[in-house]
file entry_23.cif (mmCIF, C-alpha atoms)
data_query
#
loop_
_atom_site.label_atom_id
_atom_site.label_comp_id
_atom_site.auth_asym_id
_atom_site.auth_seq_id
_atom_site.Cartn_x
_atom_site.Cartn_y
_atom_site.Cartn_z
CA MET A 300 -27.46 15.35 49.41
CA PRO A 301 -29.47 12.38 50.74
CA TYR A 302 -28.12 8.97 49.85
CA THR A 303 -30.41 7.28 47.29
CA PRO A 304 -29.09 3.90 46.23
CA PRO A 305 -27.76 2.67 43.95
CA VAL A 306 -25.07 5.24 43.17
CA TYR A 307 -22.82 2.64 41.52
CA PRO A 308 -21.52 2.54 38.73
CA THR A 309 -21.42 6.34 38.34
CA SER A 310 -19.90 6.62 41.82
CA ILE A 311 -19.04 4.45 44.80
CA PRO A 312 -20.98 4.70 48.10
CA SER A 313 -19.06 6.45 50.85
CA THR A 314 -18.83 5.51 54.52
CA THR A 315 -21.31 8.32 55.11
CA ASP A 316 -23.78 6.65 52.74
CA LEU A 317 -23.15 3.23 54.27
CA PRO A 318 -21.67 3.83 57.75
CA ASP A 319 -19.98 1.11 59.78
CA ARG A 320 -22.10 -0.74 62.33
CA ALA A 321 -20.96 -2.39 65.57
CA ASP A 322 -22.13 -5.79 66.82
CA ASP A 323 -24.51 -5.74 69.78
CA VAL A 324 -24.67 -1.94 69.62
CA ASP A 325 -26.35 -0.89 66.38
CA THR A 326 -29.68 -2.06 65.04
CA ILE A 327 -29.73 -3.02 61.33
CA TYR A 328 -32.99 -1.90 59.76
CA ALA A 329 -34.54 -3.34 56.61
CA ALA A 330 -33.90 -0.04 54.80
CA ARG A 331 -30.15 -0.46 55.29
CA TYR A 332 -30.29 -4.05 54.01
CA ASN A 333 -32.20 -2.87 50.93
CA GLU A 334 -29.59 -0.17 50.25
CA LEU A 335 -26.82 -2.75 50.31
CA LYS A 336 -28.85 -5.06 48.05
CA LYS A 337 -29.38 -2.31 45.47
CA GLU A 338 -25.67 -1.51 45.37
CA LEU A 339 -24.80 -5.20 45.03
CA LEU A 340 -27.25 -5.68 42.16
CA ALA A 341 -25.89 -2.57 40.44
CA ALA A 342 -22.36 -3.99 40.63
CA LEU A 343 -23.47 -7.39 39.32
CA THR A 344 -25.39 -5.77 36.47
CA GLU A 345 -22.33 -3.73 35.50
CA LEU A 346 -20.15 -6.87 35.30
CA GLY A 347 -22.77 -8.96 33.53
CA THR A 348 -22.98 -12.73 33.66
CA LEU A 349 -19.85 -14.89 33.39
CA PRO A 350 -17.44 -11.95 33.07
CA LYS A 351 -14.50 -14.36 33.35
CA GLY A 352 -15.50 -15.97 30.05
CA ALA A 353 -13.45 -19.11 29.38
CA PHE A 354 -10.87 -18.14 32.02
CA ASP A 355 -10.71 -19.12 35.67
CA SER A 356 -11.16 -15.52 36.84
CA VAL A 357 -11.82 -12.00 35.54
CA LYS A 358 -8.23 -11.10 36.46
CA LEU A 359 -6.84 -13.88 34.25
CA ARG A 360 -9.05 -12.72 31.39
CA LEU A 361 -7.83 -9.14 31.72
CA ASP A 362 -4.22 -10.34 31.98
CA ASP A 363 -4.69 -12.21 28.70
CA VAL A 364 -6.07 -9.08 27.02
CA ASP A 365 -3.03 -7.11 28.21
CA SER A 366 -0.74 -9.83 26.88
CA GLN A 367 -2.42 -9.82 23.49
CA LEU A 368 -2.16 -6.02 23.24
CA SER A 369 1.48 -5.97 24.29
CA ALA A 370 2.26 -8.40 21.46
CA LEU A 371 1.31 -5.58 19.10
CA SER A 372 3.21 -2.31 18.90
CA PRO A 373 1.15 -0.54 21.59
CA THR A 374 -0.90 2.34 20.20
CA TYR A 375 0.65 1.80 16.79
CA ALA A 376 -0.15 -0.33 13.79
CA LYS A 377 2.76 -1.94 11.99
CA THR A 378 2.04 -1.25 8.34
CA ILE A 379 0.58 1.27 5.93
CA ILE A 380 0.30 1.48 2.16
CA THR A 381 0.09 5.01 0.87
CA GLU A 382 -2.15 6.35 -1.84
CA PRO A 383 -0.72 6.82 -5.35
CA ILE A 384 2.02 9.23 -6.33
CA GLY A 385 1.35 11.47 -9.29
CA PRO A 386 2.86 11.11 -12.77
CA ASP A 387 4.90 13.92 -14.28
CA MET A 388 3.94 16.14 -17.20
CA ILE A 389 6.17 14.55 -19.85
CA TYR A 390 4.80 11.07 -19.37
CA ASN A 391 1.41 12.08 -18.01
CA GLY A 392 -0.55 8.96 -17.11
CA TYR A 393 2.42 6.61 -16.89
CA GLY A 394 3.97 7.48 -13.55
CA VAL A 395 7.49 7.86 -14.95
CA MET A 396 9.96 9.74 -12.75
CA ASP A 397 12.36 11.13 -15.33
CA ASP A 398 13.25 14.61 -14.11
CA ASN A 399 15.06 15.32 -10.86
CA THR A 400 13.64 18.85 -10.68
CA ILE A 401 10.03 17.63 -10.55
CA ALA A 402 8.67 16.37 -7.25
CA HIS A 403 5.77 13.91 -7.27
CA VAL A 404 3.09 14.74 -4.71
CA CYS A 405 0.14 12.87 -3.27
CA LYS A 406 -2.18 13.50 -0.36
CA VAL A 407 -2.13 10.47 1.94
CA LYS A 408 -4.41 9.55 4.83
CA ILE A 409 -2.91 7.55 7.69
CA PRO A 410 -5.96 6.35 9.66
CA PHE A 411 -3.99 5.25 12.72
CA ALA A 412 -0.58 5.94 14.15
CA ILE A 413 2.21 3.72 12.86
CA LYS A 414 5.78 2.86 13.73
CA ALA A 415 8.08 2.16 10.80
CA ASN A 416 11.67 1.07 10.53
CA HIS A 417 11.77 0.55 6.78
CA PHE A 418 9.95 1.49 3.61
CA THR A 419 9.48 -0.36 0.34
CA ILE A 420 8.83 0.87 -3.19
CA ASP A 421 8.16 -1.18 -6.32
CA PHE A 422 9.28 -0.34 -9.86
CA THR A 423 7.98 -2.11 -12.97
CA ASP A 424 10.72 -0.49 -15.06
CA GLY A 425 14.00 1.14 -14.22
CA PHE A 426 16.06 2.35 -17.10
CA GLY A 427 18.55 5.08 -17.80
CA THR A 428 20.80 6.18 -14.95
CA ALA A 429 20.41 4.47 -11.57
CA SER A 430 19.20 6.78 -8.82
CA THR A 431 18.06 7.03 -5.24
CA LEU A 432 14.78 8.67 -4.25
CA LYS A 433 14.18 11.27 -1.60
CA ILE A 434 10.86 10.78 0.15
CA GLY A 435 9.36 13.33 2.51
CA LEU A 436 6.18 13.54 4.55
CA TYR A 437 4.72 17.03 5.03
CA ALA A 438 1.91 18.55 7.06
CA LEU A 439 -1.20 19.24 5.00
CA ASP A 440 -0.37 22.94 4.73
CA GLY A 441 3.04 22.07 3.26
CA GLN A 442 4.84 24.15 5.86
CA THR A 443 6.28 21.39 8.05
CA LYS A 444 8.34 18.44 6.87
CA LEU A 445 7.89 15.61 9.34
CA PHE A 446 10.71 13.52 7.91
CA GLU A 447 12.88 12.92 4.85
CA PHE A 448 14.41 9.59 3.83
CA THR A 449 16.67 8.51 0.98
CA SER A 450 16.02 5.14 -0.65
CA VAL A 451 18.53 2.54 -1.67
CA GLU A 452 19.74 2.84 -5.26
CA ILE A 453 17.15 1.85 -7.88
CA ASP A 454 18.59 0.46 -11.10
CA GLY A 455 15.85 -1.69 -12.63
CA ALA A 456 12.49 -3.35 -12.18
CA GLY A 457 11.95 -4.80 -8.72
CA VAL A 458 10.99 -4.22 -5.11
CA TYR A 459 13.40 -2.00 -3.16
CA LYS A 460 13.46 -2.02 0.62
CA THR A 461 15.25 0.68 2.59
CA THR A 462 15.98 0.31 6.30
CA LEU A 463 15.65 3.53 8.28
CA GLY A 464 18.35 4.75 10.61
CA ALA A 465 15.90 4.74 13.51
CA GLU A 466 12.31 3.69 14.03
CA THR A 467 10.00 6.52 13.02
CA GLU A 468 6.63 7.29 14.57
CA ILE A 469 3.96 8.73 12.26
CA PRO A 470 0.78 10.01 13.95
CA ALA A 471 -2.62 9.45 12.39
CA GLY A 472 -3.63 12.25 10.06
CA VAL A 473 -3.72 13.56 6.50
CA TYR A 474 -0.38 14.49 4.93
CA TYR A 475 1.42 15.12 1.67
CA MET A 476 3.93 12.53 0.51
CA VAL A 477 6.52 14.10 -1.78
CA ILE A 478 9.04 12.08 -3.84
CA ILE A 479 11.89 13.22 -6.07
CA ASN A 480 14.61 11.25 -7.84
CA VAL A 481 18.14 12.41 -7.08
CA THR A 482 19.95 11.66 -10.35
CA SER A 483 19.32 13.26 -13.73
CA GLY A 484 18.76 10.65 -16.42
CA PHE A 485 16.81 8.28 -14.19
CA MET A 486 13.64 7.06 -15.91
CA GLY A 487 11.95 4.77 -13.41
CA GLN A 488 8.30 3.77 -13.64
CA ASN A 489 6.68 3.07 -10.30
CA SER A 490 4.37 0.05 -10.02
CA ILE A 491 0.89 0.89 -11.22
CA PHE A 492 -2.27 -0.02 -9.40
CA LEU A 493 -4.69 2.68 -10.59
CA ARG A 494 -5.46 4.01 -14.05
CA GLN A 495 -8.41 6.32 -14.14
CA ALA A 496 -8.43 9.94 -15.26
CA ASP A 497 -9.60 12.48 -12.67
CA LEU A 498 -9.72 10.02 -9.77
CA LEU A 499 -6.49 11.35 -8.35
CA ALA A 500 -6.95 14.94 -9.50
CA ASN A 501 -9.01 17.34 -7.44
CA GLU A 502 -11.53 19.53 -9.23
CA THR A 503 -12.49 21.66 -6.23
CA PRO A 504 -10.54 24.95 -6.58
CA ASP A 505 -10.52 25.89 -2.88
CA GLU A 506 -9.52 22.44 -1.65
CA SER A 507 -5.91 21.31 -1.59
CA PRO A 508 -5.28 18.88 -4.47
CA SER A 509 -5.03 15.14 -4.02
CA CYS A 510 -2.29 14.46 -6.54
CA GLY A 511 0.14 16.28 -8.80
CA VAL A 512 3.69 17.55 -9.19
CA ILE A 513 5.79 20.47 -8.01
CA PHE A 514 7.97 21.93 -10.76
CA ASP A 515 11.29 23.77 -10.56
CA CYS A 516 12.70 22.04 -7.49
CA ALA A 517 16.44 22.22 -6.87
CA ALA A 518 17.91 19.14 -8.56
CA GLY A 519 17.38 16.06 -6.43
CA THR A 520 16.14 18.12 -3.47
CA LEU A 521 12.79 18.10 -1.71
CA PRO A 522 11.27 21.52 -1.04
CA ALA A 523 11.62 22.85 2.49
CA THR A 524 7.99 24.06 2.34
CA PHE A 525 5.34 24.54 -0.33
CA ASP A 526 1.87 26.02 -0.80
CA PRO A 527 -0.52 23.20 -1.81
CA LEU A 528 -2.93 25.54 -3.58
CA ALA A 529 -0.29 27.53 -5.44
CA ASP A 530 2.60 25.13 -6.01
CA ILE A 531 1.03 21.76 -6.89
CA TRP A 532 0.21 21.23 -10.58
CA VAL A 533 -2.84 18.96 -10.41
CA LEU A 534 -2.69 15.80 -12.55
CA ASP A 535 -4.70 12.68 -13.17
CA GLY A 536 -3.43 9.28 -14.23
CA ASP A 537 -1.65 6.36 -12.64
CA GLY A 538 -0.01 6.03 -9.29
CA GLY A 539 2.32 3.77 -7.40
CA ILE A 540 2.71 1.89 -4.16
CA LEU A 541 4.91 3.04 -1.31
CA ARG A 542 4.81 1.11 1.95
CA PHE A 543 6.05 1.93 5.45
CA ASP A 544 6.15 -0.80 8.05
CA ASN A 545 8.20 -2.75 10.57
#
call {"tool": "encode", "arguments": {"input": "entry_23.cif", "output": "structure tokens"}}
result
Amino acid sequence: MPYTPPVYPTSIPSTTDLPDRADDVDTIYAARYNELKKELLAALTELGTLPKGAFDSVKLRLDDVDSQLSALSPTYAKTIITEPIGPDMIYNGYGVMDDNTIAHVCKVKIPFAIKANHFTIDFTDGFGTASTLKIGLYALDGQTKLFEFTSVEIDGAGVYKTTLGAETEIPAGVYYMVIINVTSGFMGQNSIFLRQADLLANETPDESPSCGVIFDCAAGTLPATFDPLADIWVLDGDGGILRFDN
């Protein structure tokens, strides 16, 4: 294919396009000068004016960008706050976790990958028997459990932080968060930040529900798998905050 400058920035001219020339041997024609000029202008246009910005060179500017990015957890954000968990049937609308055979379920969207080495949950009330919580993250079809963690013991109102055994990576995506209290007699009320009927429930029959509960779990045990359309009892009402971060 004939060389028609400029080929940059989609490609770089080859030595065939712009062959070497020898002093006192080769004649440089105006056409060759114009080819070089077009390629030079294409390169300058691609960089734009003052590409170094406030730095002494483009390299120093790029080095600073790399430094700023490396100060973050590369590719990962550090924090996420989940959507609400669902209330149970006995205290529908109040978010009370009072039965260790009922798992609280909520669809959560994680817009970007995160790394977490602890999670935090807030209770406005904690009465009855103290308990830990089991918290699992499942694929949207309910057939794969990505992880399961057990919280520190919850025995009253307050913010409870649990350090994970190892830093956990959670890819971006849509998941189900499932929570169950381990001990019978626990009657903890998760912190409330939403109170609006039908906002959490899903009224589309063929779409997996946004919020609800799974009945008849083994006491204090998260299900290995579940069918979102068949197993989740859809509920409306309040929800609570659960946070994963570094």
call {"tool": "atom_distance", "arguments": {"input": "entry_23.cif", "atom1": "CA of Glu452 (chain A)", "atom2": "CA of Ser430 (chain A)"}}
result
5.3 Å
call {"tool": "residues_around", "arguments": {"input": "entry_23.cif", "residues": "region 333-343 of chain A", "least_positions_apart": "4", "cutoff": "9 Å", "atoms": "all atoms listed in the file", "output": "PyMOL selection string"}}
result
chain A and resi 303-308+311-312+317+328-329+347-348
call {"tool": "write_last_selection", "arguments": {"input": "entry_23.cif", "atoms": "C-alpha atoms", "output": "compact mmCIF listing (two decimals), in the coordinates of the input"}}
result
# COMPACT_ATOMS: atom_id res chain seq x y z
CA THR A 303 -30.41 7.28 47.29
CA PRO A 304 -29.09 3.90 46.23
CA PRO A 305 -27.76 2.67 43.95
CA VAL A 306 -25.07 5.24 43.17
CA TYR A 307 -22.82 2.64 41.52
CA PRO A 308 -21.52 2.54 38.73
CA ILE A 311 -19.04 4.45 44.80
CA PRO A 312 -20.98 4.70 48.10
CA LEU A 317 -23.15 3.23 54.27
CA TYR A 328 -32.99 -1.90 59.76
CA ALA A 329 -34.54 -3.34 56.61
CA GLY A 347 -22.77 -8.96 33.53
CA THR A 348 -22.98 -12.73 33.66
call {"tool": "resolve_selection", "arguments": {"input": "entry_23.cif", "expression": "the PyMOL selection byres ((chain A and resi 318) around 12)", "output": "PDB file with C-alpha atoms, keeping the file's coordinate frame"}}
result
ATOM      1  CA  TYR A 302     -28.120   8.970  49.850  1.00  0.00           C
ATOM      2  CA  PRO A 312     -20.980   4.700  48.100  1.00  0.00           C
ATOM      3  CA  SER A 313     -19.060   6.450  50.850  1.00  0.00           C
ATOM      4  CA  THR A 314     -18.830   5.510  54.520  1.00  0.00           C
ATOM      5  CA  THR A 315     -21.310   8.320  55.110  1.00  0.00           C
ATOM      6  CA  ASP A 316     -23.780   6.650  52.740  1.00  0.00           C
ATOM      7  CA  LEU A 317     -23.150   3.230  54.270  1.00  0.00           C
ATOM      8  CA  ASP A 319     -19.980   1.110  59.780  1.00  0.00           C
ATOM      9  CA  ARG A 320     -22.100  -0.740  62.330  1.00  0.00           C
ATOM     10  CA  ALA A 321     -20.960  -2.390  65.570  1.00  0.00           C
ATOM     11  CA  ASP A 325     -26.350  -0.890  66.380  1.00  0.00           C
ATOM     12  CA  ILE A 327     -29.730  -3.020  61.330  1.00  0.00           C
ATOM     13  CA  ARG A 331     -30.150  -0.460  55.290  1.00  0.00           C
ATOM     14  CA  GLU A 334     -29.590  -0.170  50.250  1.00  0.00           C
ATOM     15  CA  LEU A 335     -26.820  -2.750  50.310  1.00  0.00           C
TER      16      LEU A 335
END
call {"tool": "resolve_selection", "arguments": {"input": "entry_23.cif", "expression": "the PyMOL selection byres ((chain A and resi 469) around 12)", "output": "JSON, numbers by chain"}}
result
{"A": [374, 375, 376, 377, 378, 379, 408, 409, 410, 411, 412, 413, 414, 415, 416, 436, 437, 438, 444, 445, 446, 466, 467, 468, 470, 471, 472, 473, 474, 543, 544]}
call {"tool": "atom_distance", "arguments": {"input": "entry_23.cif", "atom1": "CA of Asp397 (chain A)", "atom2": "CA of Gln488 (chain A)"}}
result
8.6 Å
call {"tool": "residues_near_point", "arguments": {"input": "entry_23.cif", "point": "(1.5, 24.7, -7.4)", "cutoff": "12 Å", "atoms": "only C-alpha atoms", "output": "PyMOL selection string"}}
result
chain A and resi 401-404+441+507-508+510-516+524-534
call {"tool": "resolve_selection", "arguments": {"input": "entry_23.cif", "expression": "the PyMOL selection byres ((chain A and resi 418) around 10)", "output": "tab-separated table (two decimals) with C-alpha atoms, in the frame of the given file"}}
result
chain	number	residue	atom	x	y	z
A	378	THR	CA	2.04	-1.25	8.34
A	379	ILE	CA	0.58	1.27	5.93
A	380	ILE	CA	0.30	1.48	2.16
A	415	ALA	CA	8.08	2.16	10.80
A	416	ASN	CA	11.67	1.07	10.53
A	417	HIS	CA	11.77	0.55	6.78
A	419	THR	CA	9.48	-0.36	0.34
A	420	ILE	CA	8.83	0.87	-3.19
A	434	ILE	CA	10.86	10.78	0.15
A	448	PHE	CA	14.41	9.59	3.83
A	450	SER	CA	16.02	5.14	-0.65
A	459	TYR	CA	13.40	-2.00	-3.16
A	460	LYS	CA	13.46	-2.02	0.62
A	461	THR	CA	15.25	0.68	2.59
A	462	THR	CA	15.98	0.31	6.30
A	463	LEU	CA	15.65	3.53	8.28
A	541	LEU	CA	4.91	3.04	-1.31
A	542	ARG	CA	4.81	1.11	1.95
A	543	PHE	CA	6.05	1.93	5.45
A	544	ASP	CA	6.15	-0.80	8.05
A	545	ASN	CA	8.20	-2.75	10.57
call {"tool": "closest_atom_pairs", "arguments": {"input": "entry_23.cif", "of": "region 422-444 of chain A", "to": "region 479-486 of chain A", "cutoff": "7 Å", "atoms": "only C-alpha atoms", "output": "Markdown table"}}
result
| residue | atom | partner | partner_atom | distance |
| --- | --- | --- | --- | --- |
| A:Gly425 | CA | A:Met486 | CA | 6.2 |
| A:Phe426 | CA | A:Met486 | CA | 5.4 |
| A:Gly427 | CA | A:Phe485 | CA | 5.1 |
| A:Thr428 | CA | A:Phe485 | CA | 4.6 |
| A:Ala429 | CA | A:Phe485 | CA | 5.9 |
| A:Ser430 | CA | A:Thr482 | CA | 5.2 |
| A:Thr431 | CA | A:Val481 | CA | 5.7 |
| A:Leu432 | CA | A:Asn480 | CA | 4.4 |
| A:Lys433 | CA | A:Ile479 | CA | 5.4 |
| A:Ile434 | CA | A:Ile479 | CA | 6.8 |
call {"tool": "atom_distance", "arguments": {"input": "entry_23.cif", "atom1": "CA of Pro301 (chain A)", "atom2": "CA of Leu346 (chain A)"}}
result
26.4 Å
call {"tool": "residues_near_point", "arguments": {"input": "entry_23.cif", "point": "(-12.5, -11.1, 27.2)", "cutoff": "12 Å", "atoms": "all atoms listed in the file", "output": "number ranges by chain"}}
result
A: 346, 349-367
call {"tool": "closest_residue", "arguments": {"input": "entry_23.cif", "among": "A:Thr449, A:Thr423, A:Thr309, A:Thr344", "to": "Val395 (chain A)", "atoms": "all atoms listed in the file"}}
result
A:Thr423
